Amino acid sequence: MKTTDTPPPVEPVEDRPQVAKEKAPPEKAKSGEGGVLNAFSHGILIIWAIMVVLPLLWAVMTSFKDDDSIFSSPWSLPDKLHFDNWSRAWSQAHMSDYFGNTLIVVGFSLVGTLVLGSMAAYVLARFEFPGNRFIYFLFVGGMSFPIMLALVPLFYVLNNMSLLNTLPGLILVYIAYSLPFTVFFLTSFFRTLPTSIAEAAFVDGASHTRTFFQIMLPMAKPGLVSVGIFNFLGQWNQYMLPTVLNTDPDKKVLSQGLVELATSQGYKGDWSGLFAGLVMAMLPVLAAYIIFQRQVVQGLTAGALK
């Protein structure tokens, strides 16, 4: 009888020796280092927040105190809210006039800066022509030009144009002062926008003006909001330019009004009214940043994300 060799028995799958898996590197050291770094960064942020928020809260609290409480108990809460400090600063110290002049100057100069700056930045970012880089670097160089060196020439230029001590003259100076940073910021932002949409608009018969105002400018809204906030802060707190170019008492802006309120006290010392005027000047800036803080972050990070 012929027999065949029987194959060796097959071991069950579960009985086979399994290959040892590679061990993952220990994460304890990494997590420990990350935890220390996070704790350190959070601690720095908390300290910085305390340094910024506490003076603001103290100024607001002091604006509702009377003069005796400011010196006798500067860190305590007011015994009652003295709203007459605000009314006195608003009416008697003419803060209402200074506030209105500042709104006019900053409002028109901000709109003019954004319109002219966005148009110049769009052309420099999307079109190639002789002198493109030269004009761009002229705007960049304007950011490093000290404003103190331009005060005397600006004084004579506005005087020759009959714009000295006028709000329109101050508006033009604010626009010229803010244009270099605006063009520099928006040029980089317009370069990140897709060109396919503009090309499709040209194919459909849209002009350059319509493409810019109806397509590209709405797409650049985060960048416009970001640079608008920075320009608003700089123009609202500007003191040197209006001090030299706007000496008319009836046309002074808010920064001049605060100095006028501090120096006109003499020996009377209306500190409660001074703090009330200071808080009036701070509130629009804080409100603008709180409302548009998300758009500011989006505008600053848009170029990096793209």
# chains A, B, ... in the order shown; residues from 1 in each chain; ligands from 1

$ residues_around --residues "A:Phe127" --least-positions-apart "4" --cutoff "12 Å" --atoms "only C-alpha atoms" --output "list in words"
Met119, Ala120, Ala121, Tyr122, Val123, Gly131, Asn132, Arg133, Thr187, Phe190, Arg191, Thr195 and His208 of chain A

$ residues_around --residues "A:Pro168" --least-positions-apart "3" --cutoff "10 Å" --atoms "only C-alpha atoms" --output "tab-separated table (two decimals) with N, CA and C atoms, in the first residue's frame"
chain	number	residue	atom	x	y	z
A	104	ILE	N	-14.96	114.38	14.29
A	104	ILE	CA	-14.94	114.89	12.91
A	104	ILE	C	-13.59	114.60	12.26
A	105	VAL	N	-12.50	114.95	12.97
A	105	VAL	CA	-11.17	114.79	12.40
A	105	VAL	C	-10.83	113.32	12.18
A	108	PHE	N	-13.27	111.54	9.32
A	108	PHE	CA	-12.95	111.84	7.93
A	108	PHE	C	-11.55	111.36	7.56
A	109	SER	N	-10.59	111.51	8.46
A	109	SER	CA	-9.23	111.07	8.14
A	109	SER	C	-9.15	109.55	8.05
A	163	LEU	N	-4.78	126.59	5.52
A	163	LEU	CA	-5.39	125.47	6.25
A	163	LEU	C	-4.87	125.33	7.66
A	164	LEU	N	-4.05	126.28	8.09
A	164	LEU	CA	-3.53	126.22	9.46
A	164	LEU	C	-4.64	126.56	10.45
A	165	ASN	N	-4.67	125.82	11.56
A	165	ASN	CA	-5.68	125.99	12.60
A	165	ASN	C	-7.10	125.72	12.07
A	171	ILE	N	-7.15	117.11	9.08
A	171	ILE	CA	-7.58	115.85	8.46
A	171	ILE	C	-6.60	115.43	7.37
A	172	LEU	N	-6.18	116.37	6.53
A	172	LEU	CA	-5.21	116.05	5.47
A	172	LEU	C	-3.88	115.59	6.05
A	173	VAL	N	-3.44	116.21	7.13
A	173	VAL	CA	-2.17	115.81	7.75
A	173	VAL	C	-2.30	114.41	8.35
A	174	TYR	N	-3.42	114.11	8.99
A	174	TYR	CA	-3.63	112.76	9.54
A	174	TYR	C	-3.61	111.70	8.44

$ atom_distance --atom1 "atom CA of A:Leu116" --atom2 "atom CA of A:Lys251"
25.4 Å

$ select_by_dssp --residues "stretch 71-152 of chain A" --states "alpha helix (DSSP H)" --output "VMD selection string"
chain A and resid 71 to 72 84 to 91 95 to 126 132 to 143 151 to 152

$ atom_distance --atom1 "atom CA of A:Ser72" --atom2 "atom CA of A:Gly273"
16.9 Å

$ decode --residues "stretch 179-196 of chain A" --atoms "N, CA, C and O atoms" --output "short mmCIF file (atom, residue, chain, number, x, y, z; two decimals), in the first residue's frame"
data_model
loop_
_atom_site.label_atom_id
_atom_site.label_comp_id
_atom_site.auth_asym_id
_atom_site.auth_seq_id
_atom_site.Cartn_x
_atom_site.Cartn_y
_atom_site.Cartn_z
N LEU A 179 -0.89 107.08 5.84
CA LEU A 179 -0.83 106.35 4.58
C LEU A 179 0.32 105.35 4.48
O LEU A 179 0.12 104.25 3.97
N PRO A 180 1.55 105.67 4.92
CA PRO A 180 2.64 104.68 4.75
C PRO A 180 2.35 103.33 5.39
O PRO A 180 2.51 102.29 4.74
N PHE A 181 1.91 103.33 6.63
CA PHE A 181 1.61 102.05 7.28
C PHE A 181 0.42 101.36 6.63
O PHE A 181 0.41 100.12 6.47
N THR A 182 -0.58 102.12 6.21
CA THR A 182 -1.76 101.53 5.58
C THR A 182 -1.40 100.85 4.27
O THR A 182 -1.83 99.72 3.99
N VAL A 183 -0.61 101.51 3.43
CA VAL A 183 -0.20 100.93 2.16
C VAL A 183 0.68 99.70 2.38
O VAL A 183 0.53 98.68 1.70
N PHE A 184 1.59 99.79 3.32
CA PHE A 184 2.46 98.65 3.62
C PHE A 184 1.67 97.44 4.09
O PHE A 184 1.91 96.31 3.65
N PHE A 185 0.70 97.65 4.95
CA PHE A 185 -0.10 96.55 5.49
C PHE A 185 -1.01 95.95 4.42
O PHE A 185 -1.07 94.73 4.25
N LEU A 186 -1.72 96.80 3.68
CA LEU A 186 -2.69 96.29 2.72
C LEU A 186 -2.05 95.72 1.46
O LEU A 186 -2.66 94.87 0.80
N THR A 187 -0.85 96.17 1.12
CA THR A 187 -0.17 95.58 -0.04
C THR A 187 0.09 94.09 0.19
O THR A 187 -0.16 93.25 -0.68
N SER A 188 0.59 93.77 1.36
CA SER A 188 0.81 92.36 1.69
C SER A 188 -0.50 91.59 1.75
O SER A 188 -0.55 90.41 1.38
N PHE A 189 -1.56 92.23 2.19
CA PHE A 189 -2.85 91.53 2.28
C PHE A 189 -3.44 91.29 0.90
O PHE A 189 -3.98 90.20 0.64
N PHE A 190 -3.38 92.27 -0.01
CA PHE A 190 -3.94 92.09 -1.34
C PHE A 190 -3.19 91.01 -2.12
O PHE A 190 -3.77 90.36 -3.00
N ARG A 191 -1.92 90.80 -1.83
CA ARG A 191 -1.16 89.76 -2.52
C ARG A 191 -1.64 88.36 -2.15
O ARG A 191 -1.41 87.41 -2.90
N THR A 192 -2.27 88.21 -1.01
CA THR A 192 -2.76 86.90 -0.59
C THR A 192 -4.12 86.55 -1.18
O THR A 192 -4.54 85.40 -1.11
N LEU A 193 -4.82 87.52 -1.77
CA LEU A 193 -6.15 87.26 -2.31
C LEU A 193 -6.03 86.53 -3.65
O LEU A 193 -5.11 86.76 -4.42
N PRO A 194 -6.96 85.62 -3.95
CA PRO A 194 -6.88 84.86 -5.21
C PRO A 194 -7.11 85.76 -6.42
O PRO A 194 -7.98 86.64 -6.41
N THR A 195 -6.34 85.51 -7.47
CA THR A 195 -6.46 86.29 -8.70
C THR A 195 -7.54 85.75 -9.63
O THR A 195 -7.95 86.46 -10.56
N SER A 196 -7.99 84.54 -9.41
CA SER A 196 -8.97 83.93 -10.32
C SER A 196 -10.30 84.69 -10.32
O SER A 196 -10.96 84.81 -11.35
#
